[in-house]
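Only one structure is covered here, and it is reproduced in the block below.
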Amino acid sequence: MLNSIIRFALRQRMIVLAIALLLTGYGSYVAFHTPIDVFPDLNRPRVVVMTEAPGLSPEEVESLITFPIETSLNGANGVEAVRSSSGVGISVIYVEFGFNTNIYNDRQVVTERLQLLQGRLPDGVTPQLAPISSIMGQILMLGMFSKDDKTEPLELRTLADWVVRQRLLTIPGVAQVFTMGGGRKQFQILVDPEKLLRFGVSLQQVKDAVVKSNENATGGYLDQQGPNELLVRALGRVQTVEDIEQIVVTIREGRPVTLAQIAKVAAGAQTKRGDSAAYERTKAEDGTEEWIGGPCVVLTINKQPGADTRAVTDNVFKAVEELSASMPKDIQVIPLYSQKSFIDRAIENVVVALRDGVILVIIILVLFLMNVRTTFITLTAIPLSLVITALVFAISGMSINTMTLGGLAVALGELVDDAIVDVENIFRRLNENRHAAKPKHPLLVVYQASTEVRNSIVFSTIIVCIVFIPLFALTGMEGRLFAPLGIAYIVSIAASLLVSLTVTPVLSYLLLGRSKTSEHAADGFVLRFLKSVASQVIRFSLTFPRLNLTVVVIGVLISALFVVNLERDFLPPFNEGSIQLNVVLPPGTSLTVSNSIAAKCESRLMRVPDVVRVGRRTGRAELDEHAEGVNTSELIIDLNPSSHRTREEQINEIREAMADIPGVVSAVEQPISHLISHMLSGVKAQIGIKIYGDDLDLLRRKAQEMEQVVKSVPGVADLMLEPQVLIPQLR
């Protein structure tokens with residue numbers, strides 16, 4: 001069959017070249033439009049159930065909401081793990097399914113189980129499914145603030161909620177946008193107890209009047225004498241504070257008692273469970289550096305699984321730029337964190353590696369072959385193999401990421417192996433044919449020379465591909481991470497084999513077979529030198545075989561010893577260009593105190609030379625699955641990409657800046673590493689130790705004992721105890 005492929009390619013030369021050119025053009029277009037991401041989709045299908053219960057304590061949330069939902073979801077079809085978090089007024093439950101399940105079917109299963117809870121949850125409490133997104137989907141954070149504080153926090157948050165957020169949700173690929181900070185606007189009715197007594201009105205009457213008043217009603221249709229009819233509507237929706245003040249609560253002595261007579265109505269901010277701030281280093285008009293920003297609204301954008309992170313980010317920035325023309329001039333929106341920046345750096349590094357690899361391959365081919373035409377024919381295998389791989393990715397729905405690009409970088413040097421073997425043999429046979437007494441037709445010589453090395457080319461390619469097959473035996477997250485690397489490698493090598501069987505013989509005939517002049521077939525000086533060295537090594541090995549085998553065995557044993565003692569990690573440490581600083585204060589710390597201490601941390605960070613942006617989120621946003629107490633702050637620190645300092649030096653300097661702030665327990669890591677840690681174990685650290693039991697007091701004591709022991713382990717940094725804490729309460 002392989003002989004038939006070579007024969008067909010040589011007979012239909014123009015068709016083969018046309019297909020090669022078509023694949024190169026179309027494959028290049030597809031490669032530049034294929035979705036690019038940080039990693040392959042590592043997240044297993046996961047459904048997040050979120051339940052808001054304002055005013056309930058964590059104990060009540062756990063017993064009245066979280067436990068019934070967990071009990072209902074455990075044992076559902078396909079469910080492999082259920083994790084939950086119960087906080088002040090919120091319950092978050094993570095339902096994880098198997099990798100081979102469909103996320104839409106999984107959400108249907110969860111929805112059906114939630115229907116069984118009707119009547120078992122507190123009144124007014126309704127569980128909601130979070131939008132489909134992965135833990136790695138947090139791709140962008142924007143800071144929206146008013147320069148010189150011209151716009152009030154209430155108006156700033158209203159613009160963020162009803163203008164910016166609504167526009168961003170229309171962008172394809174955006175799953176959710178969380179807003180935090182500013183003041184969430186609400187109408188507040190501040191009742192005067194003395195006036196309630198004076199007019200004989202109860203608080204329940206006030207509540208009922210407000211609830212019933214804010215409604216529209218229909219009155220059917222009104223037929224007129226003419227040909228038209230009128231739709232009858234009773235409009236009761238309030239629009240202003242004055243509308244609320246005119247609501248009638250009751251009738252006393254024939255006179256209506258309105259809200260304005262017993263209460264003060266005002267537009268104010270909802271009680272906060274989270275706040276935020278943003279700062280950016282800029283250059284002033286006189287050339288000096290200054291920091292702009294302050295308390296702000298932070299918008300966190302999550303993408304849908306499979307969406308192109310770079311394309312979604314670009315579309316978000318375009319939408320924000322369009323909106324800036326219609327918003328007040330003092331409002332500025334700055335990026336605090338962008339996953340696209342890390343992707344761009346990773347892609348740039350891999351492209352540089354590919355470029356350097358191509359240059360080295362060209363140099364080696366020129367030095368060894370000493371012929372421009374044979375070098376050109378061999379090099380055609382690289383672009384053709386890469387574009388064919390890109391087409392396979394597009395057809396199979398795979399994305400380009402650091403793992404697939406890594407597989408291509410590993411395979412780059414081997415993409416020319418099959419072609420160079422074929423070209424070298426064709427080149428040698430053509431030269432022999434020119435000096436023969438009865439020369440054969442060059443087309444026949446090319447065919448025979450290609451078939452001579454066909455078996456060796458195919459067998460060597462198969463053996464190399466077999467080495468990567470064990471990657472596909474990995475299961476779970478490891479398999480989803482490393483399988484794309486193996487696929488990229490095997491597909492590119494298989495593509496190079498196909499090129500060597502089709503395009504390479506055709507180009508060899510057109511560029512070498514038709515040449516009328518005799519090519520110089522002598523080896524180059526580099527090849528002659530290497531052959532002389534190799535002959536001496538082979539002669540020495542055959543003369544002293546036992547010594548040779550002994551040295552090899554010793555080398556293998558020493559290598560095995562080093563391998564056993566190598567450090568192990570899920571992923572190698574990489575420089576994301578951003579740092580995440582987690583600041584945890586004692587439970588029960590108020591939001592005001594958390595903000596003031598976080599401001600001290602921000603002030604310290606601004607003194608670090610490499611820091612260019614700082615974004616902070618304290619507490620949580622509404623319906624945000626990362627539900628944190630107001631005693632917890634997350635600071636995203638963007639670093640100078642042109643800095644010559646290492647990641648470890650930057651992290652150590654940030655740790656030193658936080659070291660002497662009293663009452664603060666801080667942990668320094670990187671945003672993507674933080675998300676991966678949360679994805680692996682549900683714990684926001686590289687290593688998490690969980691202690692289970694029914695007695696919470698005993699659990700706390702054991703956790704504190706373990707904390708003291710773990711502190712003494714060499715290499716431990718940023719140790720943080722997260723027990724089930726007792727929040728101070730007034731009962």
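Scheme for the structure tokens: letters A, B, ... for chains in order shown; per-chain residue numbers from 1; ligand numbers from 1 in order shown.
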Next on the checklist: Residues near Pro335 in chain A, anyone? I mean within 9 Å using only C-alpha atoms, not counting same-chain ones fewer than 5 positions away, as a VMD selection string.
Outcome noted: chain A and resid 140 to 144 317 613
Worksheet item: Which residues, written as a list in words, have at least one atom at most 6 Å from range 489-504 of chain A, with only C-alpha atoms counted and residues fewer than 6 positions away on the same chain left out?
Response: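 Final neighbour list, sorted by chain and number: Ile6, Ala9, Ala381, Ser385, Thr389, Gly407, Leu408, Ala411, Leu415, Asp418, Ala419 and Cys465 of chain A.
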Please save N, CA and C atoms of the selected residues as a PDB file, in the first residue's frame.
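Saved the output as result36.pdb:
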ATOM      1  N   ILE A   6       3.399   6.127  -2.920  1.00  0.00           N
ATOM      2  CA  ILE A   6       4.540   6.782  -3.568  1.00  0.00           C
ATOM      3  C   ILE A   6       4.344   6.830  -5.075  1.00  0.00           C
ATOM      4  N   ALA A   9       1.762   9.475  -5.971  1.00  0.00           N
ATOM      5  CA  ALA A   9       2.292  10.828  -5.809  1.00  0.00           C
ATOM      6  C   ALA A   9       3.198  11.218  -6.973  1.00  0.00           C
ATOM      7  N   ALA A 381       8.987  19.718   5.079  1.00  0.00           N
ATOM      8  CA  ALA A 381       8.254  18.833   5.987  1.00  0.00           C
ATOM      9  C   ALA A 381       7.780  19.569   7.236  1.00  0.00           C
ATOM     10  N   SER A 385       3.805  19.692   8.065  1.00  0.00           N
ATOM     11  CA  SER A 385       3.421  18.887   9.231  1.00  0.00           C
ATOM     12  C   SER A 385       2.680  19.737  10.254  1.00  0.00           C
ATOM     13  N   THR A 389      -1.279  19.340  11.407  1.00  0.00           N
ATOM     14  CA  THR A 389      -1.612  19.179  12.829  1.00  0.00           C
ATOM     15  C   THR A 389      -2.665  20.189  13.255  1.00  0.00           C
ATOM     16  N   GLY A 407       4.191  19.908  22.817  1.00  0.00           N
ATOM     17  CA  GLY A 407       4.341  18.690  22.018  1.00  0.00           C
ATOM     18  C   GLY A 407       4.928  18.980  20.649  1.00  0.00           C
ATOM     19  N   LEU A 408       4.498  20.100  20.037  1.00  0.00           N
ATOM     20  CA  LEU A 408       5.058  20.475  18.732  1.00  0.00           C
ATOM     21  C   LEU A 408       6.522  20.871  18.856  1.00  0.00           C
ATOM     22  N   ALA A 411       8.563  17.766  19.063  1.00  0.00           N
ATOM     23  CA  ALA A 411       8.590  17.025  17.797  1.00  0.00           C
ATOM     24  C   ALA A 411       9.302  17.769  16.679  1.00  0.00           C
ATOM     25  N   LEU A 415      10.579  16.277  12.832  1.00  0.00           N
ATOM     26  CA  LEU A 415       9.699  16.406  11.674  1.00  0.00           C
ATOM     27  C   LEU A 415      10.447  16.231  10.358  1.00  0.00           C
ATOM     28  N   ASP A 418      12.112  11.827   8.657  1.00  0.00           N
ATOM     29  CA  ASP A 418      11.657  10.973   7.560  1.00  0.00           C
ATOM     30  C   ASP A 418      12.038  11.554   6.207  1.00  0.00           C
ATOM     31  N   ALA A 419      11.866  12.882   6.068  1.00  0.00           N
ATOM     32  CA  ALA A 419      12.179  13.515   4.788  1.00  0.00           C
ATOM     33  C   ALA A 419      13.672  13.461   4.482  1.00  0.00           C
ATOM     34  N   CYS A 465       6.353   6.943  18.029  1.00  0.00           N
ATOM     35  CA  CYS A 465       4.990   7.227  18.488  1.00  0.00           C
ATOM     36  C   CYS A 465       4.573   6.317  19.637  1.00  0.00           C
TER      37      CYS A 465
END
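Across the model, the gap from CA of Leu156 in chain A to CA of Val298 in chain A is 10.9 Å.
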Close residues, Ala263 in chain A itself excluded, 9 Å, only C-alpha atoms, min 5 positions apart in chain, as JSON, numbers by chain: {"A": [189, 190, 191, 192, 193, 195, 196, 245, 258]}
Computed gap from CA of Gly406 in chain A to CA of Pro40 in chain A is 12.2 Å
Tell me which protein, DNA and RNA residues are within 12 Å of Tyr337 in chain A, counting only C-alpha atoms, leaving out same-chain ones fewer than 5 positions away, and put them as number ranges by chain. A: 138-143, 278-280, 298-301, 313, 342, 576-580, 612-616, 635-639, 670-672
_DSSP on the backbone, helix (DSSP H, G or I) only: what residues of range 23-245 of chain A does that give? Format it as an MDAnalysis selection string._
chainID A and resid 23:33 58:73 103:115 135:137 147:149 153:168 193:199 203:213 241:245
- Point out the residue among A:Ile359, A:Val163, A:Thr632, A:Ala598 with the least atom-to-atom distance to Val320 in chain A, counting only C-alpha atoms.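 Looking at the shortest contact to Val320 in chain A, the residue is A:Val163.
If you measure from each of A:Phe8, A:Ile362, A:Leu443, A:Ala436 to Ile420 in chain A using only C-alpha atoms, the closest one turns out to be A:Ile362.
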Exercise. Could you name the residues that touch Ala390 in chain A at 10 Å or less, counting only C-alpha atoms, but leaving out those on the same chain fewer than 6 positions away, as a list in words?
Worked result: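 Residues near the query, excluding close chain neighbours: Tyr26, Gly27, Ser28, Tyr29, Val30, Ala31, Phe32, His33, Thr34, Leu384, Ser396, Met398, Ser399, Ile400, Ala488, Val491 and Ser492 of chain A.
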Residues just named, written with C-alpha atoms as a PDB file, in the first residue's frame:
ATOM      1  CA  TYR A  26      -5.889  26.890   4.613  1.00  0.00           C
ATOM      2  CA  GLY A  27      -4.011  25.283   7.510  1.00  0.00           C
ATOM      3  CA  SER A  28      -2.228  28.562   8.258  1.00  0.00           C
ATOM      4  CA  TYR A  29      -5.583  30.365   8.317  1.00  0.00           C
ATOM      5  CA  VAL A  30      -7.071  27.741  10.643  1.00  0.00           C
ATOM      6  CA  ALA A  31      -4.014  27.826  12.920  1.00  0.00           C
ATOM      7  CA  PHE A  32      -4.355  31.586  13.434  1.00  0.00           C
ATOM      8  CA  HIS A  33      -8.096  31.266  14.190  1.00  0.00           C
ATOM      9  CA  THR A  34      -7.993  28.211  16.466  1.00  0.00           C
ATOM     10  CA  LEU A 384       3.362  21.040   6.085  1.00  0.00           C
ATOM     11  CA  SER A 396     -11.359  17.340  16.556  1.00  0.00           C
ATOM     12  CA  MET A 398      -8.984  20.754  20.360  1.00  0.00           C
ATOM     13  CA  SER A 399      -7.543  24.110  21.362  1.00  0.00           C
ATOM     14  CA  ILE A 400      -4.006  25.382  21.054  1.00  0.00           C
ATOM     15  CA  ALA A 488       0.222  16.938  19.183  1.00  0.00           C
ATOM     16  CA  VAL A 491      -0.135  13.791  14.859  1.00  0.00           C
ATOM     17  CA  SER A 492       2.802  15.982  13.779  1.00  0.00           C
TER      18      SER A 492
END
Separating CA of Ile691 in chain A from CA of Ser85 in chain A, to the nearest tenth of an Å, is a gap of 15.4 Å
Handout entry: Residue list (strand (DSSP E or B), DSSP) for range 2-220 of chain A, as number ranges by chain
Key = A: 36, 46-52, 79-87, 90-97, 128-129, 138-146, 174-181, 185-191, 217-220
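The shell of residues at most 8 Å from range 718-722 of chain A, with only C-alpha atoms counted and near chain neighbours (fewer than 4 positions) removed, consists of Val665, Ser666, Ala667, Val668, Ala703, Gln704, Glu707 and Lys711 of chain A.
Closest approach to Glu52 in chain A among A:Gln108, A:Gln128, A:Asn582, A:Asn102: A:Gln128, based on only C-alpha atoms.
Residue nearest Glu59 in chain A within the list A:Thr550, A:Ser86, A:Thr618, A:Asn77: A:Ser86 [criterion: smallest interatomic distance, only C-alpha atoms].
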### Message
Taking only C-alpha atoms into account, name the residue in A:Leu379, A:Ile65, A:Leu42, A:Val241 that is nearest to Asn401 in chain A.
### Response
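The closest residue to Asn401 in chain A is A:Leu42.
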